[in-house]
$ cat upload.pdb   # PDB, C-alpha atoms
ATOM      1  CA  MET A 108     -45.340 -39.841 -59.804
ATOM      2  CA  THR A 109     -41.678 -40.083 -58.950
ATOM      3  CA  ILE A 110     -40.092 -36.926 -57.519
ATOM      4  CA  PRO A 111     -36.324 -36.453 -57.965
ATOM      5  CA  GLU A 112     -34.711 -36.533 -54.549
ATOM      6  CA  PRO A 113     -31.439 -35.228 -53.123
ATOM      7  CA  VAL A 114     -28.269 -37.229 -53.494
ATOM      8  CA  GLY A 115     -25.073 -35.829 -52.099
ATOM      9  CA  VAL A 116     -21.430 -36.174 -51.272
ATOM     10  CA  THR A 117     -19.831 -34.933 -48.067
ATOM     11  CA  ASP A 118     -16.729 -32.779 -48.211
ATOM     12  CA  GLU A 119     -14.318 -35.516 -47.086
ATOM     13  CA  GLN A 120     -15.108 -38.279 -49.576
ATOM     14  CA  ALA A 121     -12.252 -40.776 -49.897
ATOM     15  CA  SER A 122     -11.510 -42.640 -53.090
ATOM     16  CA  VAL A 123     -11.379 -46.414 -52.653
ATOM     17  CA  ASP A 124     -10.009 -48.392 -55.585
ATOM     18  CA  THR A 125      -9.547 -51.789 -53.978
ATOM     19  CA  THR A 126     -12.133 -54.384 -54.952
ATOM     20  CA  VAL A 127     -14.598 -55.021 -52.122
ATOM     21  CA  HIS A 128     -15.691 -58.599 -51.465
ATOM     22  CA  ARG A 129     -17.428 -58.087 -48.134
ATOM     23  CA  PHE A 130     -19.298 -55.217 -46.496
ATOM     24  CA  THR A 131     -21.677 -54.531 -43.610
ATOM     25  CA  VAL A 132     -25.281 -53.344 -43.847
ATOM     26  CA  LEU A 133     -27.308 -51.682 -41.082
ATOM     27  CA  THR A 134     -31.011 -50.841 -41.119
ATOM     28  CA  VAL A 135     -32.657 -48.631 -38.504
ATOM     29  CA  ASN A 136     -35.968 -46.820 -38.143
ATOM     30  CA  THR A 137     -34.775 -43.512 -36.677
ATOM     31  CA  HIS A 138     -38.221 -42.476 -35.364
ATOM     32  CA  LYS A 139     -37.411 -38.979 -36.697
ATOM     33  CA  GLY A 140     -34.615 -38.628 -34.144
ATOM     34  CA  PHE A 141     -36.784 -39.085 -31.053
ATOM     35  CA  THR A 142     -37.034 -41.763 -28.386
ATOM     36  CA  ALA A 143     -40.145 -43.913 -28.128
ATOM     37  CA  LEU A 144     -43.240 -41.809 -27.363
ATOM     38  CA  ASN A 145     -41.271 -38.746 -28.575
ATOM     39  CA  ARG A 146     -40.064 -37.967 -25.075
ATOM     40  CA  ARG A 147     -36.568 -36.794 -26.018
ATOM     41  CA  PHE A 148     -34.662 -35.666 -29.120
ATOM     42  CA  ILE A 149     -31.657 -37.990 -29.409
ATOM     43  CA  LEU A 150     -30.389 -37.673 -32.990
ATOM     44  CA  PRO A 151     -26.803 -36.767 -31.889
ATOM     45  CA  GLU A 152     -26.651 -39.902 -29.700
ATOM     46  CA  LEU A 153     -28.128 -41.947 -32.536
ATOM     47  CA  ARG A 154     -25.417 -40.678 -34.882
ATOM     48  CA  GLU A 155     -22.682 -41.842 -32.502
ATOM     49  CA  ALA A 156     -24.330 -45.260 -32.171
ATOM     50  CA  VAL A 157     -24.652 -45.651 -35.938
ATOM     51  CA  ARG A 158     -21.014 -44.654 -36.393
ATOM     52  CA  SER A 159     -19.935 -47.267 -33.829
ATOM     53  CA  VAL A 160     -21.223 -50.100 -36.042
ATOM     54  CA  SER A 161     -18.921 -49.027 -38.910
ATOM     55  CA  ALA A 162     -21.490 -50.203 -41.458
ATOM     56  CA  ASP A 163     -20.695 -49.537 -45.102
ATOM     57  CA  VAL A 164     -24.325 -49.064 -46.170
ATOM     58  CA  VAL A 165     -27.059 -47.750 -43.840
ATOM     59  CA  PHE A 166     -30.779 -47.992 -44.592
ATOM     60  CA  LEU A 167     -32.802 -45.359 -42.709
ATOM     61  CA  GLN A 168     -36.549 -45.058 -42.256
ATOM     62  CA  GLU A 169     -38.558 -42.190 -40.747
ATOM     63  CA  VAL A 170     -35.826 -39.616 -41.221
ATOM     64  CA  HIS A 171     -36.592 -35.895 -41.531
ATOM     65  CA  GLY A 172     -35.600 -33.922 -44.583
ATOM     66  CA  THR A 173     -36.884 -30.603 -43.267
ATOM     67  CA  HIS A 174     -38.947 -29.337 -40.339
ATOM     68  CA  GLU A 175     -39.724 -25.686 -39.641
ATOM     69  CA  GLN A 176     -40.815 -25.925 -36.003
ATOM     70  CA  HIS A 177     -38.370 -28.349 -34.401
ATOM     71  CA  PRO A 178     -35.259 -26.089 -34.759
ATOM     72  CA  LYS A 179     -37.086 -23.492 -32.649
ATOM     73  CA  ARG A 180     -37.859 -26.069 -29.973
ATOM     74  CA  TYR A 181     -34.606 -28.057 -29.776
ATOM     75  CA  ASP A 182     -31.244 -26.303 -29.425
ATOM     76  CA  ASN A 183     -29.329 -29.267 -30.848
ATOM     77  CA  TRP A 184     -31.458 -29.657 -33.975
ATOM     78  CA  PRO A 185     -29.022 -29.967 -36.933
ATOM     79  CA  VAL A 186     -28.746 -27.202 -39.512
ATOM     80  CA  VAL A 187     -28.651 -29.815 -42.302
ATOM     81  CA  PRO A 188     -31.231 -32.531 -43.102
ATOM     82  CA  GLN A 189     -31.197 -35.430 -40.642
ATOM     83  CA  TYR A 190     -29.825 -37.897 -43.194
ATOM     84  CA  GLU A 191     -26.909 -35.576 -43.981
ATOM     85  CA  PHE A 192     -26.256 -35.035 -40.267
ATOM     86  CA  LEU A 193     -26.163 -38.814 -39.765
ATOM     87  CA  ALA A 194     -23.905 -39.277 -42.795
ATOM     88  CA  ASP A 195     -21.404 -36.776 -41.365
ATOM     89  CA  THR A 196     -17.953 -37.575 -42.805
ATOM     90  CA  LEU A 197     -18.203 -41.355 -42.502
ATOM     91  CA  TRP A 198     -20.646 -41.983 -45.375
ATOM     92  CA  PRO A 199     -19.590 -39.800 -48.306
ATOM     93  CA  GLN A 200     -22.704 -40.531 -50.360
ATOM     94  CA  PHE A 201     -26.357 -40.333 -49.396
ATOM     95  CA  ALA A 202     -29.756 -40.319 -51.040
ATOM     96  CA  TYR A 203     -33.144 -39.295 -49.669
ATOM     97  CA  GLY A 204     -36.636 -40.383 -50.677
ATOM     98  CA  ARG A 205     -39.243 -37.849 -49.582
ATOM     99  CA  ASN A 206     -42.461 -39.689 -48.719
ATOM    100  CA  ALA A 207     -44.598 -37.689 -46.290
ATOM    101  CA  VAL A 208     -44.956 -33.939 -46.890
ATOM    102  CA  TYR A 209     -46.854 -31.680 -44.478
ATOM    103  CA  PRO A 210     -46.953 -27.938 -43.676
ATOM    104  CA  ALA A 211     -44.042 -28.084 -41.201
ATOM    105  CA  GLY A 212     -41.728 -30.311 -43.255
ATOM    106  CA  ASP A 213     -41.221 -33.812 -44.613
ATOM    107  CA  HIS A 214     -39.798 -37.229 -43.825
ATOM    108  CA  GLY A 215     -39.016 -40.438 -45.664
ATOM    109  CA  ASN A 216     -36.320 -43.048 -46.276
ATOM    110  CA  ALA A 217     -32.607 -42.473 -46.791
ATOM    111  CA  LEU A 218     -29.522 -44.449 -47.719
ATOM    112  CA  LEU A 219     -25.999 -43.668 -46.527
ATOM    113  CA  SER A 220     -23.162 -45.320 -48.434
ATOM    114  CA  LYS A 221     -19.390 -45.544 -48.475
ATOM    115  CA  PHE A 222     -19.756 -46.664 -52.093
ATOM    116  CA  GLN A 223     -20.791 -44.524 -55.027
ATOM    117  CA  ILE A 224     -24.531 -44.126 -55.597
ATOM    118  CA  VAL A 225     -24.649 -44.044 -59.379
ATOM    119  CA  ARG A 226     -28.417 -43.492 -59.602
ATOM    120  CA  HIS A 227     -31.472 -43.582 -57.386
ATOM    121  CA  GLU A 228     -35.235 -43.339 -57.597
ATOM    122  CA  ASN A 229     -37.985 -42.968 -54.996
ATOM    123  CA  LEU A 230     -40.958 -45.129 -55.967
ATOM    124  CA  ASP A 231     -44.272 -43.840 -54.645
ATOM    125  CA  VAL A 232     -46.189 -46.822 -53.249
ATOM    126  CA  SER A 233     -48.718 -44.799 -51.258
ATOM    127  CA  ILE A 234     -52.294 -46.018 -51.090
ATOM    128  CA  SER A 235     -54.593 -43.133 -52.022
ATOM    129  CA  GLY A 236     -56.049 -41.386 -48.986
ATOM    130  CA  HIS A 237     -53.769 -43.132 -46.491
ATOM    131  CA  GLU A 238     -50.132 -43.024 -45.334
ATOM    132  CA  ASN A 239     -47.522 -41.781 -47.784
ATOM    133  CA  ARG A 240     -44.965 -44.523 -48.388
ATOM    134  CA  GLY A 241     -42.035 -45.018 -50.757
ATOM    135  CA  LEU A 242     -39.336 -47.448 -51.833
ATOM    136  CA  LEU A 243     -35.945 -45.770 -52.200
ATOM    137  CA  HIS A 244     -34.072 -47.708 -54.907
ATOM    138  CA  CYS A 245     -30.352 -46.935 -55.136
ATOM    139  CA  VAL A 246     -27.750 -48.514 -57.391
ATOM    140  CA  LEU A 247     -24.306 -48.771 -55.810
ATOM    141  CA  ARG A 248     -21.070 -49.040 -57.761
ATOM    142  CA  MET A 249     -18.690 -51.248 -55.848
ATOM    143  CA  PRO A 250     -14.980 -50.302 -55.858
ATOM    144  CA  GLY A 251     -12.620 -52.028 -58.242
ATOM    145  CA  ASP A 252     -14.206 -54.579 -60.527
ATOM    146  CA  GLY A 253     -17.146 -55.374 -58.259
ATOM    147  CA  PRO A 254     -20.720 -55.530 -59.629
ATOM    148  CA  GLU A 255     -23.400 -52.882 -59.229
ATOM    149  CA  VAL A 256     -25.574 -53.648 -56.209
ATOM    150  CA  HIS A 257     -29.257 -52.670 -55.999
ATOM    151  CA  ALA A 258     -30.161 -51.379 -52.520
ATOM    152  CA  ILE A 259     -33.860 -50.778 -51.823
ATOM    153  CA  CYS A 260     -34.889 -49.087 -48.563
ATOM    154  CA  VAL A 261     -38.412 -50.041 -47.512
ATOM    155  CA  HIS A 262     -41.025 -48.675 -45.110
ATOM    156  CA  LEU A 263     -44.385 -50.337 -45.661
ATOM    157  CA  GLY A 264     -47.867 -49.445 -44.437
ATOM    158  CA  LEU A 265     -49.570 -50.422 -41.201
ATOM    159  CA  ARG A 266     -52.510 -52.209 -42.844
ATOM    160  CA  GLU A 267     -51.961 -55.666 -44.297
ATOM    161  CA  SER A 268     -53.921 -54.886 -47.467
ATOM    162  CA  HIS A 269     -51.705 -51.858 -48.050
ATOM    163  CA  ARG A 270     -48.540 -53.861 -47.434
ATOM    164  CA  ASN A 271     -49.668 -56.523 -49.899
ATOM    165  CA  ALA A 272     -50.217 -53.886 -52.579
ATOM    166  CA  GLN A 273     -46.851 -52.295 -51.824
ATOM    167  CA  LEU A 274     -45.060 -55.647 -51.907
ATOM    168  CA  LYS A 275     -46.581 -56.344 -55.321
ATOM    169  CA  LEU A 276     -45.151 -53.035 -56.544
ATOM    170  CA  LEU A 277     -41.787 -54.033 -55.085
ATOM    171  CA  ALA A 278     -42.041 -57.384 -56.873
ATOM    172  CA  ARG A 279     -42.762 -55.551 -60.128
ATOM    173  CA  ARG A 280     -39.564 -53.539 -59.687
ATOM    174  CA  LEU A 281     -37.623 -56.748 -59.038
ATOM    175  CA  ARG A 282     -38.910 -58.249 -62.285
ATOM    176  CA  GLU A 283     -37.432 -55.259 -64.115
ATOM    177  CA  LEU A 284     -33.926 -56.149 -62.891
ATOM    178  CA  SER A 285     -31.720 -58.774 -64.478
ATOM    179  CA  ASP A 286     -31.938 -62.198 -62.871
ATOM    180  CA  ASP A 287     -28.278 -62.098 -61.817
ATOM    181  CA  ALA A 288     -28.354 -58.573 -60.311
ATOM    182  CA  PRO A 289     -27.241 -58.467 -56.631
ATOM    183  CA  VAL A 290     -30.078 -57.035 -54.532
ATOM    184  CA  ILE A 291     -30.434 -55.963 -50.890
ATOM    185  CA  ILE A 292     -33.859 -54.939 -49.557
ATOM    186  CA  ALA A 293     -33.962 -53.676 -45.985
ATOM    187  CA  GLY A 294     -36.153 -51.666 -43.692
ATOM    188  CA  ASP A 295     -39.341 -51.544 -41.678
ATOM    189  CA  PHE A 296     -41.827 -53.943 -43.278
ATOM    190  CA  ASN A 297     -44.436 -53.623 -40.480
ATOM    191  CA  ASP A 298     -45.083 -57.272 -41.314
ATOM    192  CA  TRP A 299     -46.010 -58.543 -37.861
ATOM    193  CA  ARG A 300     -48.004 -61.432 -39.420
ATOM    194  CA  GLN A 301     -44.954 -62.544 -41.450
ATOM    195  CA  ARG A 302     -46.702 -62.570 -44.827
ATOM    196  CA  ALA A 303     -44.031 -60.817 -46.923
ATOM    197  CA  ASP A 304     -42.109 -63.989 -47.764
ATOM    198  CA  ALA A 305     -44.975 -65.366 -49.826
ATOM    199  CA  LEU A 306     -44.665 -62.413 -52.223
ATOM    200  CA  LEU A 307     -40.873 -62.041 -52.210
ATOM    201  CA  THR A 308     -39.344 -65.530 -52.163
ATOM    202  CA  PRO A 309     -40.715 -66.374 -55.649
ATOM    203  CA  HIS A 310     -38.399 -63.604 -56.895
ATOM    204  CA  GLY A 311     -35.291 -65.242 -55.461
ATOM    205  CA  LEU A 312     -35.120 -63.216 -52.245
ATOM    206  CA  ARG A 313     -33.988 -64.735 -48.943
ATOM    207  CA  GLU A 314     -34.588 -63.137 -45.550
ATOM    208  CA  VAL A 315     -31.229 -63.296 -43.815
ATOM    209  CA  PHE A 316     -32.431 -63.769 -40.212
ATOM    210  CA  ALA A 317     -34.877 -66.497 -41.228
ATOM    211  CA  GLU A 318     -32.063 -68.165 -43.160
ATOM    212  CA  GLN A 319     -29.577 -67.997 -40.274
ATOM    213  CA  HIS A 320     -31.829 -68.204 -37.207
ATOM    214  CA  GLY A 321     -35.034 -69.829 -38.444
ATOM    215  CA  LYS A 322     -37.278 -66.738 -38.191
ATOM    216  CA  PRO A 323     -37.120 -63.003 -38.916
ATOM    217  CA  ALA A 324     -35.654 -60.938 -36.092
ATOM    218  CA  ARG A 325     -37.707 -59.593 -33.197
ATOM    219  CA  SER A 326     -37.183 -55.842 -33.459
ATOM    220  CA  PHE A 327     -40.144 -54.017 -31.887
ATOM    221  CA  PRO A 328     -40.440 -52.475 -29.375
ATOM    222  CA  ALA A 329     -36.734 -51.858 -28.982
ATOM    223  CA  ARG A 330     -36.563 -52.219 -25.186
ATOM    224  CA  LEU A 331     -38.233 -55.635 -25.220
ATOM    225  CA  PRO A 332     -38.573 -56.816 -28.840
ATOM    226  CA  VAL A 333     -41.568 -59.034 -29.502
ATOM    227  CA  LEU A 334     -42.759 -58.268 -33.039
ATOM    228  CA  ARG A 335     -40.757 -59.187 -36.156
ATOM    229  CA  LEU A 336     -41.235 -55.941 -38.115
ATOM    230  CA  ASP A 337     -37.827 -55.217 -39.649
ATOM    231  CA  ARG A 338     -36.205 -57.344 -42.348
ATOM    232  CA  ILE A 339     -33.154 -57.693 -44.576
ATOM    233  CA  TYR A 340     -33.593 -59.649 -47.823
ATOM    234  CA  VAL A 341     -30.871 -60.510 -50.326
ATOM    235  CA  ARG A 342     -30.656 -61.970 -53.823
ATOM    236  CA  ASN A 343     -27.483 -63.208 -55.530
ATOM    237  CA  LEU A 344     -25.537 -62.389 -52.370
ATOM    238  CA  LYS A 345     -24.355 -64.312 -49.330
ATOM    239  CA  ALA A 346     -25.300 -62.975 -45.903
ATOM    240  CA  THR A 347     -23.509 -63.794 -42.644
ATOM    241  CA  LEU A 348     -23.322 -62.503 -39.057
ATOM    242  CA  ALA A 349     -26.957 -61.359 -38.818
ATOM    243  CA  ARG A 350     -27.424 -59.453 -35.543
ATOM    244  CA  VAL A 351     -30.215 -57.599 -33.749
ATOM    245  CA  LEU A 352     -28.854 -54.599 -31.796
ATOM    246  CA  THR A 353     -30.945 -54.677 -28.617
ATOM    247  CA  THR A 354     -28.524 -53.634 -25.879
ATOM    248  CA  ARG A 355     -27.798 -50.091 -24.759
ATOM    249  CA  PRO A 356     -27.586 -47.556 -26.251
ATOM    250  CA  TRP A 357     -29.804 -48.971 -29.041
ATOM    251  CA  SER A 358     -32.655 -49.964 -26.747
ATOM    252  CA  HIS A 359     -33.105 -46.293 -25.800
ATOM    253  CA  LEU A 360     -32.545 -44.594 -29.168
ATOM    254  CA  SER A 361     -35.631 -45.566 -31.165
ATOM    255  CA  ASP A 362     -38.776 -47.660 -30.942
ATOM    256  CA  HIS A 363     -37.190 -50.225 -33.337
ATOM    257  CA  ALA A 364     -34.044 -52.281 -32.715
ATOM    258  CA  PRO A 365     -31.619 -51.984 -35.662
ATOM    259  CA  LEU A 366     -30.527 -55.001 -37.703
ATOM    260  CA  SER A 367     -26.986 -55.605 -38.945
ATOM    261  CA  VAL A 368     -25.641 -58.167 -41.406
ATOM    262  CA  GLU A 369     -22.421 -58.841 -43.294
ATOM    263  CA  ILE A 370     -22.757 -59.241 -47.057
ATOM    264  CA  GLU A 371     -20.384 -61.207 -49.295
ATOM    265  CA  LEU A 372     -20.325 -60.600 -53.045
TER     266      LEU A 372
END
$ encode --input "upload.pdb" --output "structure tokens"
Amino acid sequence: MTIPEPVGVTDEQASVDTTVHRFTVLTVNTHKGFTALNRRFILPELREAVRSVSADVVFLQEVHGTHEQHPKRYDNWPVVPQYEFLADTLWPQFAYGRNAVYPAGDHGNALLSKFQIVRHENLDVSISGHENRGLLHCVLRMPGDGPEVHAICVHLGLRESHRNAQLKLLARRLRELSDDAPVIIAGDFNDWRQRADALLTPHGLREVFAEQHGKPARSFPARLPVLRLDRIYVRNLKATLARVLTTRPWSHLSDHAPLSVEIEL
């Protein structure tokens, strides 16, 4: 069942009428605002690092919506949901897909955008009795006469059989879109065996790091990336300048290294 999720606008939204031909995408697993092994709460530092990239669209995984206990434990816990705190005044639009719900709160995926989010849906791809997972599908209206862009934020399961089932559900969603629709899919695929391509490339998707560098990016663990867990796929778009952000401060802000890419319409 799909649950309607928050979508919002910050107070200082700016109107941009000029047609956009190029924009930057960032994807980062926020680890709920904590360093690896949950040793320190670093969401304020993470916000400054995300702002420094000046990305136009940010895909977030493992971001808190609410938590009842953490504000009592951490003096700098934000009074707004983590995705809204990260959006601040730089990303006027944001959407949240609530995946995991527990007595103390919830977490899931989020999308921050400088472009209008005209609609969004959180697709439940959880495997019964296991981890709660979702695909946050947002449709962005580009300024001027640009096309609508489909942005899907992904966080897949830890078991390969679960990921395969979730990728098939993602492929089903892709079949529902028009063949010429621009699509960006980004996030934590947990695909350390690099099996996702077999299910996604038949639907016209290209992984941008594999296309530019020969293989998906090494992104985990952040301090010394070995595993290729995080991905950015595109369809009907050109991707350039694919980068893995592994230097400080990124190497000390999460257990995953963020990925950045420039998109051309």
$ resolve_selection --input "upload.pdb" --expression "the PyMOL selection byres ((chain A and resi 305-307) around 9)" --output "list in words"
Asn271, Leu274, Lys275, Leu277, Ala278, Gln301, Arg302, Ala303, Asp304, Thr308, Pro309, His310, Gly311, Leu312, Arg313 and Tyr340 of chain A
$ atom_distance --input "upload.pdb" --atom1 "CA of Gly140 in chain A" --atom2 "CA of His171 in chain A"
8.1 Å
$ resolve_selection --input "upload.pdb" --expression "the PyMOL selection byres ((chain A and resi 354-368) around 9)" --output "ChimeraX atom specification"
/A:130-144,149-150,152-153,156,160,162,294-295,315-316,324-332,336-339,346-353,369-370
$ residues_around --input "upload.pdb" --residues "range 210-222 of chain A" --least-positions-apart "4" --cutoff "6 Å" --atoms "only C-alpha atoms" --output "JSON, numbers by chain"
{"A": [163, 164, 165, 166, 167, 168, 169, 170, 171, 172, 173, 174, 175, 198, 199, 200, 201, 202, 203, 204, 205, 206]}
$ closest_residue --input "upload.pdb" --among "A:Ser235, A:Ser161, A:Asn229, A:Thr126" --to "Ala272 in chain A" --atoms "only C-alpha atoms"
A:Ser235
$ closest_residue --input "upload.pdb" --among "A:Tyr190, A:Tyr181, A:Tyr209, A:Trp299" --to "Lys322 in chain A" --atoms "only C-alpha atoms"
A:Trp299
$ atom_distance --input "upload.pdb" --atom1 "CA of Asn239 in chain A" --atom2 "CA of Asp298 in chain A"
17.0 Å
$ atom_distance --input "upload.pdb" --atom1 "CA of Ala293 in chain A" --atom2 "CA of Ile259 in chain A"
6.5 Å
$ residues_around --input "upload.pdb" --residues "Arg240 in chain A" --least-positions-apart "2" --cutoff "8 Å" --atoms "only C-alpha atoms" --output "list in words"
Asn206, Ala207, Gly215, Asp231, Val232, Ser233, Ile234, Glu238, Leu242, His262, Leu263 and Gly264 of chain A
$ write_last_selection --input "upload.pdb" --atoms "C-alpha atoms" --output "compact mmCIF listing (two decimals), in the frame of the given file"
# COMPACT_ATOMS: atom_id res chain seq x y z
CA ASN A 206 -42.46 -39.69 -48.72
CA ALA A 207 -44.60 -37.69 -46.29
CA GLY A 215 -39.02 -40.44 -45.66
CA ASP A 231 -44.27 -43.84 -54.64
CA VAL A 232 -46.19 -46.82 -53.25
CA SER A 233 -48.72 -44.80 -51.26
CA ILE A 234 -52.29 -46.02 -51.09
CA GLU A 238 -50.13 -43.02 -45.33
CA LEU A 242 -39.34 -47.45 -51.83
CA HIS A 262 -41.02 -48.68 -45.11
CA LEU A 263 -44.38 -50.34 -45.66
CA GLY A 264 -47.87 -49.44 -44.44
$ resolve_selection --input "upload.pdb" --expression "the PyMOL selection byres ((chain A and resi 289) around 6)" --output "list of chain:residue names"
A:Val256, A:Ala288, A:Val290, A:Arg342, A:Asn343
$ axis_aligned_box --input "upload.pdb" --around "range 174-193 of chain A" --padding-each-side "5 Å" --output "AutoDock Vina command-line options"
--center_x -33.5 --center_y -31.2 --center_z -36.7 --size_x 24.7 --size_y 25.3 --size_z 24.6
$ build_atoms --input "upload.pdb" --residues "range 251-265 of chain A" --atoms "N, CA and C atoms" --output "PDB file, keeping the file's coordinate frame"
ATOM      1  N   GLY A 251     -13.352 -51.055 -57.455  1.00  0.00           N
ATOM      2  CA  GLY A 251     -12.620 -52.028 -58.242  1.00  0.00           C
ATOM      3  C   GLY A 251     -13.492 -52.626 -59.323  1.00  0.00           C
ATOM      4  N   ASP A 252     -13.436 -53.934 -59.473  1.00  0.00           N
ATOM      5  CA  ASP A 252     -14.206 -54.579 -60.527  1.00  0.00           C
ATOM      6  C   ASP A 252     -15.459 -55.259 -59.993  1.00  0.00           C
ATOM      7  N   GLY A 253     -15.939 -54.796 -58.842  1.00  0.00           N
ATOM      8  CA  GLY A 253     -17.146 -55.374 -58.259  1.00  0.00           C
ATOM      9  C   GLY A 253     -18.388 -55.022 -59.060  1.00  0.00           C
ATOM     10  N   PRO A 254     -19.479 -55.776 -58.893  1.00  0.00           N
ATOM     11  CA  PRO A 254     -20.720 -55.530 -59.629  1.00  0.00           C
ATOM     12  C   PRO A 254     -21.500 -54.362 -59.038  1.00  0.00           C
ATOM     13  N   GLU A 255     -22.446 -53.841 -59.781  1.00  0.00           N
ATOM     14  CA  GLU A 255     -23.400 -52.882 -59.229  1.00  0.00           C
ATOM     15  C   GLU A 255     -24.366 -53.640 -58.322  1.00  0.00           C
ATOM     16  N   VAL A 256     -24.673 -53.039 -57.176  1.00  0.00           N
ATOM     17  CA  VAL A 256     -25.574 -53.648 -56.209  1.00  0.00           C
ATOM     18  C   VAL A 256     -26.811 -52.767 -56.073  1.00  0.00           C
ATOM     19  N   HIS A 257     -27.994 -53.386 -56.168  1.00  0.00           N
ATOM     20  CA  HIS A 257     -29.257 -52.670 -55.999  1.00  0.00           C
ATOM     21  C   HIS A 257     -29.637 -52.692 -54.520  1.00  0.00           C
ATOM     22  N   ALA A 258     -29.801 -51.514 -53.928  1.00  0.00           N
ATOM     23  CA  ALA A 258     -30.161 -51.379 -52.520  1.00  0.00           C
ATOM     24  C   ALA A 258     -31.507 -50.665 -52.437  1.00  0.00           C
ATOM     25  N   ILE A 259     -32.505 -51.332 -51.883  1.00  0.00           N
ATOM     26  CA  ILE A 259     -33.860 -50.778 -51.823  1.00  0.00           C
ATOM     27  C   ILE A 259     -34.254 -50.637 -50.363  1.00  0.00           C
ATOM     28  N   CYS A 260     -34.498 -49.390 -49.939  1.00  0.00           N
ATOM     29  CA  CYS A 260     -34.889 -49.087 -48.563  1.00  0.00           C
ATOM     30  C   CYS A 260     -36.416 -49.028 -48.491  1.00  0.00           C
ATOM     31  N   VAL A 261     -36.981 -49.781 -47.561  1.00  0.00           N
ATOM     32  CA  VAL A 261     -38.412 -50.041 -47.512  1.00  0.00           C
ATOM     33  C   VAL A 261     -39.014 -49.551 -46.200  1.00  0.00           C
ATOM     34  N   HIS A 262     -40.190 -48.937 -46.290  1.00  0.00           N
ATOM     35  CA  HIS A 262     -41.025 -48.675 -45.110  1.00  0.00           C
ATOM     36  C   HIS A 262     -42.473 -48.847 -45.549  1.00  0.00           C
ATOM     37  N   LEU A 263     -43.057 -49.981 -45.173  1.00  0.00           N
ATOM     38  CA  LEU A 263     -44.385 -50.337 -45.661  1.00  0.00           C
ATOM     39  C   LEU A 263     -45.482 -49.874 -44.708  1.00  0.00           C
ATOM     40  N   GLY A 264     -46.721 -49.945 -45.180  1.00  0.00           N
ATOM     41  CA  GLY A 264     -47.867 -49.445 -44.437  1.00  0.00           C
ATOM     42  C   GLY A 264     -48.245 -50.302 -43.243  1.00  0.00           C
ATOM     43  N   LEU A 265     -49.143 -49.748 -42.419  1.00  0.00           N
ATOM     44  CA  LEU A 265     -49.570 -50.422 -41.201  1.00  0.00           C
ATOM     45  C   LEU A 265     -50.675 -51.442 -41.460  1.00  0.00           C
TER      46      LEU A 265
END
